[in-house]
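What follows is the content of model-v8.cif (mmCIF, N, CA and C atoms).
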```cif
data_input
loop_
_atom_site.label_atom_id
_atom_site.label_comp_id
_atom_site.auth_asym_id
_atom_site.auth_seq_id
_atom_site.Cartn_x
_atom_site.Cartn_y
_atom_site.Cartn_z
N MET G 475 -81.51 104.76 -105.75
CA MET G 475 -81.69 103.38 -105.36
C MET G 475 -80.80 103.05 -104.16
N LEU G 476 -79.55 103.50 -104.19
CA LEU G 476 -78.66 103.24 -103.07
C LEU G 476 -79.16 103.93 -101.81
N LYS G 477 -79.62 105.16 -101.94
CA LYS G 477 -80.11 105.91 -100.78
C LYS G 477 -81.28 105.19 -100.14
N ALA G 478 -82.16 104.64 -100.95
CA ALA G 478 -83.34 103.94 -100.43
C ALA G 478 -82.98 102.61 -99.78
N ASN G 479 -81.88 102.00 -100.20
CA ASN G 479 -81.52 100.67 -99.70
C ASN G 479 -80.42 100.66 -98.65
N ASP G 480 -79.56 101.67 -98.66
CA ASP G 480 -78.46 101.72 -97.69
C ASP G 480 -78.07 103.17 -97.47
N LEU G 481 -78.81 103.83 -96.60
CA LEU G 481 -78.58 105.26 -96.34
C LEU G 481 -77.18 105.51 -95.78
N GLN G 482 -76.70 104.63 -94.91
CA GLN G 482 -75.38 104.83 -94.31
C GLN G 482 -74.29 104.82 -95.38
N LEU G 483 -74.34 103.90 -96.30
CA LEU G 483 -73.36 103.84 -97.38
C LEU G 483 -73.51 105.03 -98.32
N TYR G 484 -74.73 105.36 -98.64
CA TYR G 484 -75.00 106.53 -99.49
C TYR G 484 -74.38 107.79 -98.88
N GLN G 485 -74.56 107.99 -97.59
CA GLN G 485 -74.00 109.16 -96.92
C GLN G 485 -72.47 109.12 -96.92
N ALA G 486 -71.90 107.94 -96.71
CA ALA G 486 -70.44 107.82 -96.70
C ALA G 486 -69.86 108.19 -98.06
N LEU G 487 -70.44 107.68 -99.12
CA LEU G 487 -69.95 108.01 -100.47
C LEU G 487 -70.13 109.49 -100.77
N SER G 488 -71.25 110.04 -100.35
CA SER G 488 -71.52 111.46 -100.58
C SER G 488 -70.53 112.34 -99.83
N GLU G 489 -70.27 112.00 -98.59
CA GLU G 489 -69.34 112.79 -97.78
C GLU G 489 -67.92 112.76 -98.33
N ARG G 490 -67.57 111.68 -98.98
CA ARG G 490 -66.23 111.56 -99.56
C ARG G 490 -66.19 112.06 -101.00
N ASN G 491 -67.32 112.60 -101.45
CA ASN G 491 -67.45 113.16 -102.80
C ASN G 491 -67.14 112.12 -103.88
N ILE G 492 -67.58 110.90 -103.65
CA ILE G 492 -67.41 109.82 -104.62
C ILE G 492 -68.66 109.80 -105.49
N LYS G 493 -68.49 110.26 -106.70
CA LYS G 493 -69.61 110.40 -107.63
C LYS G 493 -69.75 109.13 -108.47
N PRO G 494 -70.98 108.78 -108.81
CA PRO G 494 -71.20 107.57 -109.61
C PRO G 494 -70.48 107.60 -110.95
N GLN G 495 -70.28 108.78 -111.51
CA GLN G 495 -69.59 108.88 -112.79
C GLN G 495 -68.18 108.31 -112.72
N PHE G 496 -67.58 108.32 -111.55
CA PHE G 496 -66.21 107.84 -111.39
C PHE G 496 -66.09 106.33 -111.57
N PHE G 497 -67.17 105.60 -111.38
CA PHE G 497 -67.08 104.14 -111.46
C PHE G 497 -68.23 103.51 -112.24
N SER G 498 -69.42 104.05 -112.17
CA SER G 498 -70.59 103.37 -112.74
C SER G 498 -70.67 103.49 -114.26
N PHE G 499 -70.08 104.51 -114.85
CA PHE G 499 -70.13 104.63 -116.31
C PHE G 499 -69.53 103.39 -116.97
N ARG G 500 -68.36 102.99 -116.50
CA ARG G 500 -67.71 101.80 -117.04
C ARG G 500 -68.53 100.56 -116.73
N TRP G 501 -69.03 100.46 -115.50
CA TRP G 501 -69.83 99.30 -115.12
C TRP G 501 -71.01 99.13 -116.07
N ILE G 502 -71.74 100.21 -116.28
CA ILE G 502 -73.00 100.13 -117.04
C ILE G 502 -72.76 100.01 -118.54
N THR G 503 -71.87 100.83 -119.11
CA THR G 503 -71.67 100.79 -120.56
C THR G 503 -71.05 99.48 -121.03
N LEU G 504 -70.23 98.87 -120.20
CA LEU G 504 -69.60 97.61 -120.58
C LEU G 504 -70.29 96.39 -119.95
N LEU G 505 -71.45 96.62 -119.38
CA LEU G 505 -72.24 95.55 -118.76
C LEU G 505 -71.39 94.70 -117.81
N LEU G 506 -70.54 95.37 -117.05
CA LEU G 506 -69.70 94.76 -116.02
C LEU G 506 -68.69 93.76 -116.57
N SER G 507 -68.42 93.80 -117.86
CA SER G 507 -67.52 92.82 -118.47
C SER G 507 -66.07 92.99 -118.03
N GLN G 508 -65.70 94.15 -117.49
CA GLN G 508 -64.33 94.37 -117.02
C GLN G 508 -64.16 94.05 -115.53
N GLU G 509 -65.26 93.80 -114.85
CA GLU G 509 -65.20 93.63 -113.39
C GLU G 509 -65.11 92.18 -112.95
N PHE G 510 -65.51 91.24 -113.82
CA PHE G 510 -65.56 89.84 -113.43
C PHE G 510 -64.92 88.97 -114.50
N LEU G 511 -64.67 87.72 -114.16
CA LEU G 511 -64.10 86.76 -115.10
C LEU G 511 -65.16 86.32 -116.10
N TYR G 512 -64.71 85.81 -117.25
CA TYR G 512 -65.62 85.47 -118.34
C TYR G 512 -66.76 84.51 -117.94
N PRO G 513 -66.49 83.41 -117.25
CA PRO G 513 -67.62 82.53 -116.87
C PRO G 513 -68.66 83.25 -115.99
N GLU G 514 -68.18 84.12 -115.13
CA GLU G 514 -69.10 84.89 -114.29
C GLU G 514 -69.90 85.89 -115.13
N ILE G 515 -69.26 86.47 -116.13
CA ILE G 515 -69.95 87.41 -117.02
C ILE G 515 -71.07 86.70 -117.76
N GLN G 516 -70.82 85.48 -118.23
CA GLN G 516 -71.87 84.72 -118.91
C GLN G 516 -73.07 84.53 -117.99
N ARG G 517 -72.82 84.13 -116.76
CA ARG G 517 -73.90 83.92 -115.79
C ARG G 517 -74.63 85.22 -115.51
N LEU G 518 -73.87 86.28 -115.36
CA LEU G 518 -74.44 87.59 -115.07
C LEU G 518 -75.32 88.08 -116.22
N TRP G 519 -74.81 87.98 -117.44
CA TRP G 519 -75.59 88.42 -118.59
C TRP G 519 -76.84 87.56 -118.78
N ASP G 520 -76.75 86.27 -118.50
CA ASP G 520 -77.94 85.42 -118.53
C ASP G 520 -79.00 85.97 -117.57
N SER G 521 -78.56 86.40 -116.40
CA SER G 521 -79.50 86.96 -115.42
C SER G 521 -80.13 88.25 -115.92
N PHE G 522 -79.31 89.10 -116.55
CA PHE G 522 -79.85 90.36 -117.07
C PHE G 522 -80.90 90.10 -118.13
N PHE G 523 -80.60 89.21 -119.06
CA PHE G 523 -81.52 88.95 -120.16
C PHE G 523 -82.75 88.14 -119.72
N ALA G 524 -82.61 87.34 -118.68
CA ALA G 524 -83.72 86.51 -118.21
C ALA G 524 -84.69 87.29 -117.33
N ASP G 525 -84.22 88.35 -116.70
CA ASP G 525 -85.07 89.13 -115.80
C ASP G 525 -86.10 89.91 -116.61
N THR G 526 -87.32 89.98 -116.11
CA THR G 526 -88.39 90.69 -116.82
C THR G 526 -88.11 92.19 -116.94
N GLU G 527 -87.32 92.72 -116.03
CA GLU G 527 -86.99 94.15 -116.09
C GLU G 527 -85.70 94.40 -116.87
N ARG G 528 -85.14 93.36 -117.47
CA ARG G 528 -83.93 93.41 -118.27
C ARG G 528 -82.83 94.25 -117.63
N PHE G 529 -82.58 95.41 -118.19
CA PHE G 529 -81.44 96.19 -117.74
C PHE G 529 -81.69 97.01 -116.49
N HIS G 530 -82.91 97.02 -115.98
CA HIS G 530 -83.11 97.58 -114.65
C HIS G 530 -82.40 96.68 -113.63
N PHE G 531 -82.37 95.39 -113.95
CA PHE G 531 -81.67 94.47 -113.05
C PHE G 531 -80.18 94.79 -112.99
N LEU G 532 -79.62 95.32 -114.07
CA LEU G 532 -78.22 95.76 -114.07
C LEU G 532 -78.01 96.82 -112.99
N LEU G 533 -78.95 97.73 -112.85
CA LEU G 533 -78.83 98.77 -111.82
C LEU G 533 -78.97 98.19 -110.42
N TYR G 534 -79.86 97.22 -110.25
CA TYR G 534 -79.97 96.55 -108.96
C TYR G 534 -78.65 95.84 -108.63
N PHE G 535 -78.06 95.24 -109.65
CA PHE G 535 -76.81 94.53 -109.46
C PHE G 535 -75.68 95.50 -109.10
N CYS G 536 -75.62 96.65 -109.75
CA CYS G 536 -74.61 97.66 -109.43
C CYS G 536 -74.78 98.15 -107.99
N CYS G 537 -76.01 98.33 -107.58
CA CYS G 537 -76.29 98.72 -106.19
C CYS G 537 -75.82 97.61 -105.25
N ALA G 538 -76.06 96.36 -105.62
CA ALA G 538 -75.62 95.23 -104.81
C ALA G 538 -74.10 95.19 -104.70
N MET G 539 -73.41 95.56 -105.79
CA MET G 539 -71.94 95.60 -105.76
C MET G 539 -71.45 96.62 -104.73
N LEU G 540 -72.11 97.75 -104.67
CA LEU G 540 -71.74 98.77 -103.68
C LEU G 540 -72.00 98.26 -102.26
N ILE G 541 -73.18 97.70 -102.06
CA ILE G 541 -73.57 97.23 -100.73
C ILE G 541 -72.67 96.07 -100.28
N ALA G 542 -72.25 95.22 -101.20
CA ALA G 542 -71.37 94.10 -100.85
C ALA G 542 -70.02 94.58 -100.32
N GLN G 543 -69.62 95.77 -100.71
CA GLN G 543 -68.35 96.33 -100.24
C GLN G 543 -68.56 97.43 -99.22
N ARG G 544 -69.71 97.46 -98.58
CA ARG G 544 -70.11 98.58 -97.73
C ARG G 544 -69.16 98.83 -96.56
N THR G 545 -68.66 97.81 -95.91
CA THR G 545 -67.76 98.02 -94.77
C THR G 545 -66.48 98.72 -95.24
N ARG G 546 -65.91 98.24 -96.34
CA ARG G 546 -64.72 98.89 -96.90
C ARG G 546 -65.02 100.33 -97.30
N LEU G 547 -66.16 100.53 -97.97
CA LEU G 547 -66.49 101.86 -98.49
C LEU G 547 -66.83 102.84 -97.36
N ILE G 548 -67.49 102.38 -96.35
CA ILE G 548 -67.85 103.26 -95.23
C ILE G 548 -66.60 103.67 -94.45
N ASN G 549 -65.68 102.75 -94.28
CA ASN G 549 -64.48 103.03 -93.49
C ASN G 549 -63.29 103.52 -94.30
N GLY G 550 -63.39 103.48 -95.62
CA GLY G 550 -62.28 103.91 -96.46
C GLY G 550 -62.32 105.40 -96.76
N ASP G 551 -61.18 105.92 -97.19
CA ASP G 551 -61.13 107.31 -97.63
C ASP G 551 -61.38 107.34 -99.15
N PHE G 552 -61.29 108.52 -99.75
CA PHE G 552 -61.59 108.68 -101.16
C PHE G 552 -60.73 107.76 -102.02
N ILE G 553 -59.42 107.77 -101.79
CA ILE G 553 -58.50 106.99 -102.62
C ILE G 553 -58.74 105.49 -102.46
N ASP G 554 -58.89 105.03 -101.23
CA ASP G 554 -59.15 103.60 -100.99
C ASP G 554 -60.45 103.17 -101.68
N ASN G 555 -61.48 103.99 -101.55
CA ASN G 555 -62.78 103.65 -102.13
C ASN G 555 -62.74 103.64 -103.66
N MET G 556 -62.02 104.58 -104.25
CA MET G 556 -61.93 104.60 -105.70
C MET G 556 -61.17 103.37 -106.21
N LYS G 557 -60.18 102.92 -105.48
CA LYS G 557 -59.46 101.70 -105.86
C LYS G 557 -60.41 100.51 -105.84
N VAL G 558 -61.23 100.42 -104.82
CA VAL G 558 -62.19 99.31 -104.72
C VAL G 558 -63.19 99.38 -105.87
N LEU G 559 -63.71 100.56 -106.15
CA LEU G 559 -64.77 100.69 -107.15
C LEU G 559 -64.27 100.62 -108.58
N GLN G 560 -63.06 101.07 -108.83
CA GLN G 560 -62.53 101.02 -110.19
C GLN G 560 -61.80 99.71 -110.49
N ARG G 561 -61.50 98.96 -109.47
CA ARG G 561 -60.91 97.63 -109.62
C ARG G 561 -61.61 96.74 -108.62
N TYR G 562 -62.84 96.38 -108.99
CA TYR G 562 -63.72 95.66 -108.07
C TYR G 562 -63.06 94.34 -107.64
N PRO G 563 -63.13 94.00 -106.35
CA PRO G 563 -62.46 92.78 -105.84
C PRO G 563 -62.89 91.52 -106.57
N ILE G 564 -61.93 90.85 -107.16
CA ILE G 564 -62.18 89.67 -107.99
C ILE G 564 -62.71 88.49 -107.17
N GLU G 565 -62.40 88.48 -105.88
CA GLU G 565 -62.84 87.36 -105.03
C GLU G 565 -64.32 87.42 -104.66
N THR G 566 -65.00 88.45 -105.08
CA THR G 566 -66.42 88.61 -104.78
C THR G 566 -67.23 87.50 -105.44
N ASP G 567 -68.11 86.89 -104.67
CA ASP G 567 -68.96 85.79 -105.16
C ASP G 567 -70.11 86.35 -105.98
N ILE G 568 -70.13 86.03 -107.26
CA ILE G 568 -71.16 86.55 -108.18
C ILE G 568 -72.55 86.08 -107.78
N TYR G 569 -72.66 84.88 -107.22
CA TYR G 569 -73.96 84.35 -106.84
C TYR G 569 -74.53 85.11 -105.63
N GLU G 570 -73.65 85.48 -104.71
CA GLU G 570 -74.11 86.30 -103.58
C GLU G 570 -74.56 87.68 -104.06
N LEU G 571 -73.85 88.24 -105.03
CA LEU G 571 -74.27 89.53 -105.59
C LEU G 571 -75.62 89.41 -106.30
N LEU G 572 -75.82 88.32 -107.02
CA LEU G 572 -77.11 88.12 -107.69
C LEU G 572 -78.25 88.00 -106.68
N GLN G 573 -78.01 87.29 -105.58
CA GLN G 573 -79.03 87.18 -104.54
C GLN G 573 -79.32 88.53 -103.91
N LEU G 574 -78.27 89.29 -103.66
CA LEU G 574 -78.43 90.63 -103.09
C LEU G 574 -79.20 91.53 -104.04
N ALA G 575 -78.89 91.46 -105.33
CA ALA G 575 -79.61 92.25 -106.33
C ALA G 575 -81.10 91.87 -106.37
N CYS G 576 -81.39 90.59 -106.25
CA CYS G 576 -82.79 90.15 -106.20
C CYS G 576 -83.50 90.67 -104.95
N GLN G 577 -82.81 90.69 -103.83
CA GLN G 577 -83.39 91.23 -102.60
C GLN G 577 -83.68 92.73 -102.76
N ILE G 578 -82.78 93.45 -103.40
CA ILE G 578 -83.00 94.88 -103.65
C ILE G 578 -84.20 95.06 -104.57
N ARG G 579 -84.24 94.30 -105.66
CA ARG G 579 -85.36 94.37 -106.61
C ARG G 579 -86.70 94.08 -105.94
N ASP G 580 -86.70 93.07 -105.07
CA ASP G 580 -87.94 92.64 -104.43
C ASP G 580 -88.27 93.41 -103.16
N GLY G 581 -87.42 94.35 -102.78
CA GLY G 581 -87.65 95.16 -101.57
C GLY G 581 -87.49 94.37 -100.28
N LYS G 582 -86.63 93.36 -100.27
CA LYS G 582 -86.46 92.50 -99.09
C LYS G 582 -85.07 92.60 -98.47
N LEU G 583 -84.36 93.67 -98.76
CA LEU G 583 -83.00 93.84 -98.26
C LEU G 583 -83.03 94.30 -96.81
N ILE G 584 -82.26 93.62 -95.95
CA ILE G 584 -82.13 94.00 -94.54
C ILE G 584 -80.64 94.14 -94.25
N LEU G 585 -80.26 95.33 -93.77
CA LEU G 585 -78.85 95.62 -93.50
C LEU G 585 -78.61 95.93 -92.04
N GLN G 586 -77.40 95.64 -91.60
CA GLN G 586 -76.96 96.03 -90.26
C GLN G 586 -76.12 97.29 -90.40
N SER G 587 -76.16 98.13 -89.39
CA SER G 587 -75.35 99.34 -89.40
C SER G 587 -73.87 98.98 -89.26
N VAL G 588 -73.04 99.66 -90.02
CA VAL G 588 -71.60 99.44 -89.96
C VAL G 588 -70.98 100.60 -89.19
N PRO G 589 -70.24 100.31 -88.13
CA PRO G 589 -69.61 101.41 -87.39
C PRO G 589 -68.51 102.05 -88.24
N THR G 590 -68.35 103.35 -88.10
CA THR G 590 -67.30 104.07 -88.81
C THR G 590 -66.00 103.93 -88.03
N LYS G 591 -64.90 104.41 -88.60
CA LYS G 591 -63.60 104.29 -87.94
C LYS G 591 -63.60 104.90 -86.55
N ASP G 592 -64.25 106.06 -86.41
CA ASP G 592 -64.27 106.72 -85.11
C ASP G 592 -65.50 106.33 -84.28
N ASN G 593 -66.28 105.36 -84.78
CA ASN G 593 -67.47 104.84 -84.10
C ASN G 593 -68.56 105.88 -83.88
N LYS G 594 -68.56 106.95 -84.67
CA LYS G 594 -69.60 107.96 -84.57
C LYS G 594 -70.63 107.71 -85.65
N PRO G 595 -71.91 107.97 -85.34
CA PRO G 595 -72.91 107.82 -86.39
C PRO G 595 -72.69 108.87 -87.47
N MET G 596 -73.02 108.51 -88.70
CA MET G 596 -72.82 109.42 -89.80
C MET G 596 -73.97 110.41 -89.90
N ALA G 597 -73.65 111.67 -90.10
CA ALA G 597 -74.66 112.72 -90.21
C ALA G 597 -75.20 112.75 -91.63
N PRO G 598 -76.47 113.15 -91.80
CA PRO G 598 -77.02 113.29 -93.15
C PRO G 598 -76.21 114.31 -93.95
N SER G 599 -76.15 114.10 -95.23
CA SER G 599 -75.36 114.98 -96.09
C SER G 599 -76.24 115.68 -97.10
N ASN G 600 -75.97 116.96 -97.32
CA ASN G 600 -76.66 117.73 -98.35
C ASN G 600 -75.67 118.18 -99.43
N SER G 601 -74.58 117.44 -99.59
CA SER G 601 -73.55 117.84 -100.53
C SER G 601 -74.01 117.65 -101.97
N VAL G 602 -73.28 118.26 -102.87
CA VAL G 602 -73.56 118.12 -104.29
C VAL G 602 -73.41 116.66 -104.71
N GLY G 603 -72.37 115.99 -104.19
CA GLY G 603 -72.17 114.58 -104.50
C GLY G 603 -73.36 113.72 -104.09
N ALA G 604 -73.94 114.03 -102.94
CA ALA G 604 -75.11 113.28 -102.47
C ALA G 604 -76.29 113.47 -103.40
N LYS G 605 -76.47 114.70 -103.87
CA LYS G 605 -77.59 114.99 -104.77
C LYS G 605 -77.40 114.29 -106.12
N ILE G 606 -76.17 114.28 -106.61
CA ILE G 606 -75.89 113.62 -107.89
C ILE G 606 -76.09 112.12 -107.77
N LEU G 607 -75.55 111.52 -106.73
CA LEU G 607 -75.68 110.09 -106.52
C LEU G 607 -77.15 109.69 -106.40
N GLY G 608 -77.90 110.46 -105.62
CA GLY G 608 -79.32 110.18 -105.46
C GLY G 608 -80.09 110.32 -106.75
N SER G 609 -79.79 111.36 -107.53
CA SER G 609 -80.52 111.56 -108.77
C SER G 609 -80.18 110.50 -109.81
N LEU G 610 -78.91 110.05 -109.85
CA LEU G 610 -78.53 109.02 -110.80
C LEU G 610 -79.31 107.74 -110.55
N PHE G 611 -79.31 107.27 -109.31
CA PHE G 611 -79.98 106.02 -109.02
C PHE G 611 -81.51 106.15 -109.05
N SER G 612 -82.05 107.30 -108.67
CA SER G 612 -83.50 107.45 -108.72
C SER G 612 -83.99 107.57 -110.16
N ARG G 613 -83.24 108.28 -111.01
CA ARG G 613 -83.62 108.38 -112.43
C ARG G 613 -83.56 107.02 -113.10
N ALA G 614 -82.55 106.27 -112.80
CA ALA G 614 -82.40 104.94 -113.40
C ALA G 614 -83.54 104.03 -112.97
N ARG G 615 -83.95 104.13 -111.74
CA ARG G 615 -85.03 103.28 -111.24
C ARG G 615 -86.37 103.64 -111.85
N ASN G 616 -86.59 104.92 -112.14
CA ASN G 616 -87.86 105.38 -112.69
C ASN G 616 -88.01 105.08 -114.17
N ARG G 617 -86.97 104.65 -114.83
CA ARG G 617 -87.05 104.37 -116.29
C ARG G 617 -87.61 103.01 -116.55
#
```
File written out as structure tokens:
Amino acid sequence: MLKANDLQLYQALSERNIKPQFFSFRWITLLLSQEFLYPEIQRLWDSFFADTERFHFLLYFCCAMLIAQRTRLINGDFIDNMKVLQRYPIETDIYELLQLACQIRDGKLILQSVPTKDNKPMAPSNSVGAKILGSLFSRARNR
């Protein structure tokens, strides 16, 4: 799902060997209850249960969380990125994430390219991390 919606971010995470297991297991199994404040969790869970695709929307939302931090993740190294993903920024607006998740679900997401630190375009990656990340999000979307 991430590869289809933000190839540049997908490649950055793959090149840094940041695997979804490092952050998404907690996100998904705990329904993001550790990432946001309680009132935001209530709103978020209402959205999950109200959506016709139920927990597929959780995956769209997780993808939106990654995309919302794309500049940091594209320009960060492994350690910086893991800090962001394992301790998601509390100042993130939940309503903006919900809108972004809806855009991903509806296929209406439009992104601008983010320059890297050295201002070079990112090359496609065939790493193991890229294959794992792609298979995780594609399997989840096909369910």
The distance between atom N of Ile584 (chain G) and atom N of Ser488 (chain G) is 20.3 Å
For Arg500 (chain G), list every protein, DNA or RNA residue within 12 Å, evaluated using only C-alpha atoms, and leave out those in the same chain fewer than 2 positions away; present the list as a PyMOL selection string. chain G and resi 494-498+502-509+536+559-562
Phe531 (chain G) proximity check over G:Leu511, G:Leu487, G:Leu585, G:Ala575, using all atoms listed in the file: winner is G:Ala575
The distance between CA of Glu514 (chain G) and CA of Glu527 (chain G) is 20.2 Å
Computed gap from CA of Ile515 (chain G) to atom C of Leu481 (chain G) is 28.8 Å
How would you write, as a PyMOL selection string, the residues chosen by the PyMOL selection byres ((chain G and resi 574) around 8) on this structure?
chain G and resi 534-535+537-539+542+568-573+575-580+583
One residue among G:Phe522, G:Lys493, G:Leu532, G:Gln543 is nearest to Asp567 (chain G) when using only C-alpha atoms, and that residue is G:Gln543
Would you kindly return, as a ChimeraX atom specification, each protein, DNA or RNA residue with an atom no farther than 9 Å from any atom of Leu483 (chain G), considering only C-alpha atoms and excluding same-chain residues fewer than 2 positions away? /G:476-477,480-481,485-488,540-541,544-545,547-548,588
**Request:** Based on DSSP run over this structure's backbone, return all residues of region 492-601 of chain G in alpha helix (DSSP H), as a ChimeraX atom specification.
**Result:** /G:498-503,512-524,530-542,544-549,552-560,568-580
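For the set G:Glu489, G:Pro563, G:Val558, G:His530, the residue with the smallest atom-to-atom gap to Met475 (chain G) is G:His530, counting only C-alpha atoms.
In this comparison, which uses only N, CA and C atoms, the residue of G:Phe510, G:Glu565, G:Phe552, G:Phe529 approaching Asn491 (chain G) most closely is G:Phe552.
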